[in-house]
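Undergrad: Input data.txt, format and content: compact mmCIF, C-alpha atoms.
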# COMPACT_ATOMS: atom_id res chain seq x y z
CA MET N 1 -13.20 -15.97 35.00
CA PRO N 2 -13.17 -16.36 31.19
CA VAL N 3 -9.98 -15.54 29.31
CA VAL N 4 -10.42 -12.59 26.98
CA ALA N 5 -8.23 -12.79 23.87
CA LEU N 6 -6.54 -9.63 22.78
CA SER N 7 -6.55 -9.14 19.04
CA ARG N 8 -3.17 -10.08 17.67
CA LEU N 9 -3.11 -6.86 15.67
CA HIS N 10 -4.16 -4.68 18.58
CA ALA N 11 -1.49 -6.30 20.72
CA GLU N 12 1.10 -5.20 18.20
CA LYS N 13 0.71 -1.67 19.56
CA TYR N 14 2.51 -2.83 22.66
CA ILE N 15 5.11 -5.01 20.99
CA GLU N 16 6.08 -2.63 18.18
CA PRO N 17 8.22 -0.30 20.35
CA MET N 18 10.48 -3.26 21.17
CA GLN N 19 11.45 -3.81 17.57
CA GLY N 20 14.93 -2.43 17.22
CA ALA N 21 17.51 -4.44 15.34
CA ALA N 22 18.49 -6.43 18.44
CA ASN N 23 14.91 -7.28 19.44
CA GLU N 24 13.41 -8.07 16.02
CA GLY N 25 13.52 -11.86 16.39
CA LEU N 26 12.20 -11.78 19.95
CA ALA N 27 9.31 -9.50 19.00
CA ASN N 28 8.35 -11.71 16.07
CA ARG N 29 8.34 -14.83 18.25
CA ARG N 30 6.22 -13.11 20.89
CA ARG N 31 3.73 -11.90 18.28
CA ALA N 32 3.45 -15.37 16.74
CA ARG N 33 2.35 -16.81 20.11
CA LEU N 34 -0.36 -14.21 20.76
CA PRO N 35 -3.95 -15.44 20.64
CA GLY N 36 -6.03 -13.47 18.19
CA CYS N 37 -9.04 -13.28 15.97
CA CYS N 38 -9.85 -12.41 12.38
CA GLU N 39 -10.44 -8.69 12.00
CA VAL N 40 -13.34 -9.37 9.61
CA CYS N 41 -15.36 -12.30 10.95
CA GLY N 42 -14.03 -12.52 14.51
CA THR N 43 -13.14 -16.22 14.43
CA TRP N 44 -9.95 -17.47 16.06
CA SER N 45 -6.98 -17.02 13.77
CA SER N 46 -3.22 -16.89 14.11
CA ASP N 47 -3.27 -14.08 11.53
CA GLY N 48 -5.23 -10.87 11.32
CA LEU N 49 -7.28 -12.30 8.44
CA CYS N 50 -8.44 -15.91 8.63
CA ALA N 51 -8.02 -18.28 5.69
CA ALA N 52 -11.75 -18.26 4.88
CA CYS N 53 -11.98 -14.46 4.74
CA SER N 54 -8.75 -14.25 2.76
CA ALA N 55 -10.14 -16.67 0.17
CA ARG N 56 -13.49 -14.87 0.07
CA PHE N 57 -12.37 -11.24 0.08
CA ALA N 58 -8.93 -11.38 -1.56
CA PRO N 59 -9.40 -13.90 -4.39
CA HIS N 60 -7.25 -13.96 -7.48
CA VAL N 61 -8.73 -11.53 -10.02
CA HIS N 62 -7.32 -10.87 -13.48
CA ARG N 63 -6.27 -7.22 -13.53
CA CYS N 64 -4.51 -4.73 -15.76
CA ARG N 65 -0.84 -5.14 -14.88
CA ARG N 66 -0.30 -1.37 -15.07
CA CYS N 67 -3.27 0.08 -13.14
CA ALA N 68 -4.96 -2.96 -11.47
CA LEU N 69 -8.43 -2.44 -12.93
CA ARG N 70 -10.30 -5.70 -13.51
CA LEU N 71 -9.87 -7.16 -16.99
CA VAL N 72 -11.27 -10.08 -18.94
CA ASP N 73 -8.86 -13.00 -19.22
CA GLY N 74 -6.39 -12.80 -22.05
CA LEU N 75 -5.70 -9.07 -21.88
CA GLN N 76 -2.62 -7.71 -20.13
CA VAL N 77 -3.45 -4.00 -19.97
CA CYS N 78 -6.62 -1.94 -20.16
CA THR N 79 -7.33 0.37 -23.09
CA ASP N 80 -6.39 3.50 -21.13
CA CYS N 81 -2.99 2.08 -20.13
CA ALA N 82 -2.37 0.80 -23.67
CA ARG N 83 -3.09 4.28 -25.03
CA GLU N 84 -1.23 6.22 -22.34
CA PRO N 85 0.88 3.99 -20.05
CA PRO N 86 1.36 5.24 -16.49
CA PRO N 87 4.93 5.76 -15.28
CA PHE N 88 4.75 2.78 -12.91
CA ALA N 89 5.51 -0.51 -14.66
CA HIS N 90 3.41 -2.92 -12.59
CA CYS N 91 0.69 -2.60 -9.95
CA VAL N 92 0.30 -5.07 -7.07
CA CYS N 93 -3.24 -4.92 -5.64
CA VAL N 94 -5.05 -7.01 -3.04
CA ALA N 95 -8.69 -6.30 -3.90
CA ASP N 96 -11.24 -3.82 -5.15
CA TYR N 97 -12.10 -1.01 -2.75
CA GLY N 98 -15.22 -2.37 -1.07
CA TYR N 99 -16.23 -4.58 1.84
CA PRO N 100 -14.33 -5.42 4.04
CA TRP N 101 -11.28 -3.47 2.85
CA GLN N 102 -13.07 -0.12 2.85
CA GLY N 103 -13.78 -0.43 6.58
CA LEU N 104 -10.35 -1.82 7.46
CA ILE N 105 -8.60 0.98 5.57
CA ALA N 106 -10.81 3.63 7.18
CA ARG N 107 -9.91 2.29 10.64
CA PHE N 108 -6.27 2.14 9.66
CA LYS N 109 -6.12 5.71 8.33
CA TYR N 110 -8.58 7.60 10.51
CA GLY N 111 -9.23 5.40 13.54
CA GLN N 112 -5.80 5.57 15.13
CA ALA N 113 -5.14 1.91 14.29
CA PRO N 114 -1.69 1.83 12.66
CA GLU N 115 -1.28 -1.76 13.86
CA LEU N 116 -3.63 -2.83 11.04
CA ALA N 117 -0.69 -2.18 8.70
CA ALA N 118 0.61 -5.66 9.58
CA LEU N 119 -2.53 -7.34 8.20
CA LEU N 120 -2.68 -5.11 5.13
CA ALA N 121 1.02 -5.48 4.30
CA ALA N 122 0.78 -9.27 4.63
CA ALA N 123 -2.16 -9.26 2.20
CA MET N 124 -0.17 -7.14 -0.26
CA LEU N 125 2.77 -9.52 -0.08
CA ALA N 126 0.50 -12.54 -0.58
CA SER N 127 -0.97 -10.88 -3.68
CA ALA N 128 2.51 -10.13 -5.03
CA ASP N 129 3.55 -13.76 -4.50
CA ARG N 130 0.39 -15.09 -6.13
CA ASP N 131 0.86 -12.85 -9.18
CA ARG N 132 4.62 -13.51 -9.32
CA ALA N 133 5.31 -9.80 -9.20
CA PRO N 134 9.02 -8.92 -9.35
CA ARG N 135 10.51 -7.97 -6.00
CA PRO N 136 11.74 -4.38 -5.79
CA GLN N 137 15.08 -3.46 -4.28
CA ALA N 138 13.38 -1.04 -1.90
CA PHE N 139 9.97 0.29 -0.87
CA ALA N 140 9.14 4.00 -0.87
CA ALA N 141 6.10 5.42 0.91
CA LEU N 142 3.84 7.79 -1.02
CA PRO N 143 4.07 10.63 1.49
CA LEU N 144 1.43 12.79 3.09
CA SER N 145 1.78 16.56 3.02
CA PRO N 146 3.06 18.12 6.26
CA ARG N 147 -0.44 19.40 7.02
CA ARG N 148 -2.09 15.99 6.61
CA LEU N 149 0.66 14.31 8.60
CA ALA N 150 0.14 16.76 11.47
CA GLU N 151 -3.62 16.16 11.40
CA ARG N 152 -3.38 12.35 11.30
CA GLY N 153 -0.32 11.79 13.49
CA TYR N 154 1.20 9.09 11.27
CA ASP N 155 1.66 8.33 7.59
CA GLN N 156 -0.34 5.25 6.61
CA ALA N 157 1.80 4.59 3.51
CA TRP N 158 4.95 4.51 5.65
CA GLU N 159 3.33 2.11 8.10
CA LEU N 160 2.70 -0.23 5.15
CA ALA N 161 6.09 0.29 3.52
CA ARG N 162 8.14 -0.41 6.62
CA ARG N 163 6.28 -3.64 7.29
CA LEU N 164 6.73 -4.74 3.68
CA GLY N 165 10.42 -4.01 4.06
CA ARG N 166 10.58 -6.02 7.26
CA GLN N 167 8.71 -8.99 5.78
CA THR N 168 10.84 -9.12 2.61
CA GLY N 169 14.23 -8.05 3.94
CA ARG N 170 14.26 -5.01 1.63
CA ALA N 171 14.95 -1.43 2.59
CA ALA N 172 11.98 0.85 3.23
CA HIS N 173 12.14 4.63 3.01
CA ALA N 174 9.84 7.20 4.58
CA ARG N 175 11.48 10.25 2.99
CA MET N 176 12.60 9.10 -0.44
CA LEU N 177 9.88 11.46 -1.68
CA GLU N 178 8.65 14.74 -0.26
CA ARG N 179 5.16 16.13 -0.86
CA GLY N 180 4.87 19.87 -0.91
CA PHE N 181 1.09 20.36 -1.09
CA ASP N 182 -2.29 18.64 -1.29
CA ALA N 183 -4.17 18.77 -4.57
CA PRO N 184 -7.93 19.46 -4.67
CA PRO N 185 -10.19 16.37 -4.68
CA GLN N 186 -9.36 14.48 -7.86
CA ALA N 187 -12.12 11.94 -8.48
CA ARG N 188 -14.44 14.27 -10.43
CA SER N 189 -11.69 16.06 -12.37
CA ALA N 190 -10.75 15.35 -15.97
CA ARG N 191 -7.39 13.66 -16.48
CA ALA N 192 -5.67 16.76 -17.81
CA GLN N 193 -6.91 18.79 -14.85
CA ARG N 194 -5.76 16.13 -12.38
CA MET N 195 -2.26 16.23 -13.80
CA ARG N 196 -2.16 20.03 -13.64
CA ASN N 197 -3.34 19.94 -10.02
CA LEU N 198 -0.47 17.63 -9.06
CA LYS N 199 2.35 19.07 -11.15
CA GLY N 200 5.38 19.46 -8.91
CA ALA N 201 3.66 17.98 -5.85
CA PHE N 202 6.44 15.40 -5.31
CA THR N 203 10.20 15.84 -5.27
CA VAL N 204 13.15 13.62 -4.44
CA PRO N 205 15.30 15.45 -1.88
CA ALA N 206 19.05 15.63 -2.36
CA HIS N 207 19.76 13.27 0.54
CA ALA N 208 17.73 10.50 -1.16
CA ARG N 209 19.26 10.65 -4.64
CA ARG N 210 21.76 7.86 -4.01
CA GLN N 211 18.96 5.60 -2.77
CA VAL N 212 16.99 6.21 -5.98
CA GLU N 213 19.53 6.14 -8.82
CA GLY N 214 19.57 2.94 -10.84
CA ARG N 215 17.22 1.05 -8.52
CA HIS N 216 13.99 -0.89 -8.90
CA LEU N 217 11.57 0.72 -6.43
CA ALA N 218 8.05 -0.02 -5.26
CA LEU N 219 5.89 2.96 -4.40
CA VAL N 220 3.50 2.05 -1.56
CA ASP N 221 0.04 3.45 -0.79
CA ASP N 222 -3.25 2.20 0.62
CA VAL N 223 -5.80 3.00 -2.13
CA MET N 224 -5.60 4.10 -5.77
CA THR N 225 -8.59 5.93 -7.17
CA THR N 226 -7.54 7.93 -10.24
CA GLY N 227 -3.83 7.06 -10.15
CA ALA N 228 -2.83 10.69 -10.64
CA SER N 229 -0.94 11.04 -7.34
CA ALA N 230 0.86 7.72 -7.74
CA GLY N 231 1.73 8.59 -11.32
CA GLU N 232 3.20 11.96 -10.40
CA ALA N 233 5.20 10.39 -7.55
CA ALA N 234 6.51 7.61 -9.81
CA ARG N 235 7.45 10.19 -12.42
CA ALA N 236 9.49 12.12 -9.84
CA LEU N 237 11.39 8.94 -8.90
CA LEU N 238 12.10 8.11 -12.55
CA GLU N 239 13.30 11.65 -13.25
CA ALA N 240 15.64 11.30 -10.25
CA GLY N 241 17.22 8.23 -11.87
CA ALA N 242 15.19 5.20 -10.73
CA ALA N 243 15.54 2.29 -13.15
CA ARG N 244 11.95 1.13 -12.61
CA VAL N 245 9.02 2.02 -10.37
CA ASP N 246 6.16 -0.31 -9.47
CA LEU N 247 3.09 0.51 -7.39
CA TRP N 248 1.92 -1.61 -4.42
CA ILE N 249 -1.54 -0.84 -3.05
CA VAL N 250 -4.11 -2.52 -0.84
CA ALA N 251 -7.21 -1.61 -2.85
CA ARG N 252 -8.18 -0.25 -6.25
CA THR N 253 -11.35 1.78 -6.76
CA PRO N 254 -13.29 -0.03 -9.49
CA ALA N 255 -14.00 1.68 -12.78
CA PRO N 256 -17.46 3.29 -12.88
CA ARG N 257 -20.10 1.21 -14.62
CA GLU N 258 -21.09 2.56 -18.02
CA ASP N 259 -24.81 2.16 -17.29
CA ARG N 260 -24.72 4.42 -14.24
Could you render the structure from this file as structure tokens?
TA:
Amino acid sequence: MPVVALSRLHAEKYIEPMQGAANEGLANRRRARLPGCCEVCGTWSSDGLCAACSARFAPHVHRCRRCALRLVDGLQVCTDCAREPPPFAHCVCVADYGYPWQGLIARFKYGQAPELAALLAAAMLASADRDRAPRPQAFAALPLSPRRLAERGYDQAWELARRLGRQTGRAAHARMLERGFDAPPQARSARAQRMRNLKGAFTVPAHARRQVEGRHLALVDDVMTTGASAGEAARALLEAGAARVDLWIVARTPAPREDR
């Protein structure tokens, strides 16, 4: 009878509950020995993304250091960020939002596949290392509203943040920020309208103030489209006393082409 290999990432569903402080090392060793395959091309790989797919779909791209839009070499920030800098100081980004990241993120968020966070967090960390991004003191998840959390069953940003914390040895926080409401769809709104829609959406609760004050934090999310939500969340952290806020994302929606 042929041996059927279980995806290393799918197998994490069964190992993850073991990972308390006492079992962390054991769980990591067990995961490292699991047979697996690349989640994109299906070839055998000890990681969720094989080296060939990583090189092809997560190459180094020169980006605006503030908002992660693609830039020509030699520029550090795009014209929009030069004119009106966002509250986050640096943006770590794996790739543009397109194949295969679009499908992986959709499975991760809507397909009940939180185990894909391991692959996505590893890709984020590799991008940060490649770009020599400064390490934050802690990671903070960009939270879902209570309604969205109830619908989905888990917060995808927290799944990413806690794995980043585990892989770097930094603290990760699920409730450093609270989100009170969902804004209307933002992509087709003018910038001023987007900011009005999100005003007051994020707050730092009293119990988290000590974890925020004077610290360098990384706000974590899966995709940035307009940047309005991330900007409002970063602004709330800065107003609560954070020394610096960066943004770590998996994918950035490309700027629309002028000829379209």
Undergrad: So, counting only C-alpha atoms, which residue among N:Ala150, N:Ala243, N:Met224, N:Leu104 is closest to N:Ala138?
TA: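 Looking at the shortest contact to N:Ala138, the residue is N:Ala243.
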Undergrad: So which residues touch stretch 158-169 of chain N within 6 Å, counting only C-alpha atoms, skipping near sequence neighbours fewer than 3 positions away, as a PDB file with C-alpha atoms, in the frame of the given file?
TA:
ATOM      1  CA  ALA N 117      -0.690  -2.180   8.700  1.00  0.00           C
ATOM      2  CA  ALA N 121       1.020  -5.480   4.300  1.00  0.00           C
ATOM      3  CA  PHE N 139       9.970   0.290  -0.870  1.00  0.00           C
ATOM      4  CA  ALA N 141       6.100   5.420   0.910  1.00  0.00           C
ATOM      5  CA  ASP N 155       1.660   8.330   7.590  1.00  0.00           C
ATOM      6  CA  ALA N 172      11.980   0.850   3.230  1.00  0.00           C
ATOM      7  CA  ALA N 174       9.840   7.200   4.580  1.00  0.00           C
ATOM      8  CA  VAL N 220       3.500   2.050  -1.560  1.00  0.00           C
TER       9      VAL N 220
END
Undergrad: Choose the residue, out of N:Glu178, N:Phe57, N:Cys50, N:Ala157, that has the smallest atom-to-atom separation from N:Tyr99; count all atoms listed in the file.
TA: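 Answer, going by the shortest atom-to-atom distance: N:Phe57.
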Undergrad: Give me, please, the distance in Å between atom CA of N:Val245 and atom CA of N:Asp73, quoted to one decimal.
TA: 25.0 Å
Undergrad: In Å, with one decimal, what is the gap from atom CA of N:Arg66 to atom CA of N:Pro87?
TA: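 That distance, rounded to one decimal, is 8.8 Å.
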Undergrad: In Å to one decimal, how far is atom CA of N:Glu151 from atom CA of N:Leu217?
TA: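 A separation of 28.1 Å between them.
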Undergrad: Considering only C-alpha atoms, state which residue in the set N:Leu177, N:Leu149, N:Ala118, N:Val94 is at the smallest distance from N:Leu237.
TA: N:Leu177
Undergrad: Point out the residue among N:Met176, N:Gly241, N:Arg147, N:Asp96 with the least atom-to-atom distance to N:Val61, counting all atoms listed in the file.
TA: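 Residue with the minimum atom-to-atom distance to N:Val61: N:Asp96.
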Undergrad: Considering all atoms listed in the file, return as a PyMOL selection string whatever protein or nucleic-acid residues lie within 12 Å of N:Val204, sequence-local ones (same chain, fewer than 5 positions apart) excluded.
TA: chain N and resi 140+142-143+173-180+209-213+232-242
Undergrad: Quick one: of N:Ala95, N:Ser46, N:Arg135, N:Ala230, who's nearest to N:His60, counting only C-alpha atoms?
TA: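 With only C-alpha atoms as the atom set, the closest residue is N:Ala95.
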Undergrad: Hey, can I get the axis-aligned box for stretch 105-120 of chain N? All listed atoms, 3 Å padding on each side, centre and edge lengths in Å to one decimal, as lines of an AutoDock Vina configuration file.
TA:
center_x = -5.1
center_y = 0.1
center_z = 10.1
size_x = 17.4
size_y = 20.9
size_z = 16.0
Undergrad: Pick the closest to N:Ser54 from N:Arg252, N:Arg83, N:Ala122, N:Ala68: which is it, counting only C-alpha atoms?
TA: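 Using only C-alpha atoms, the shortest distance to N:Ser54 belongs to N:Ala122.
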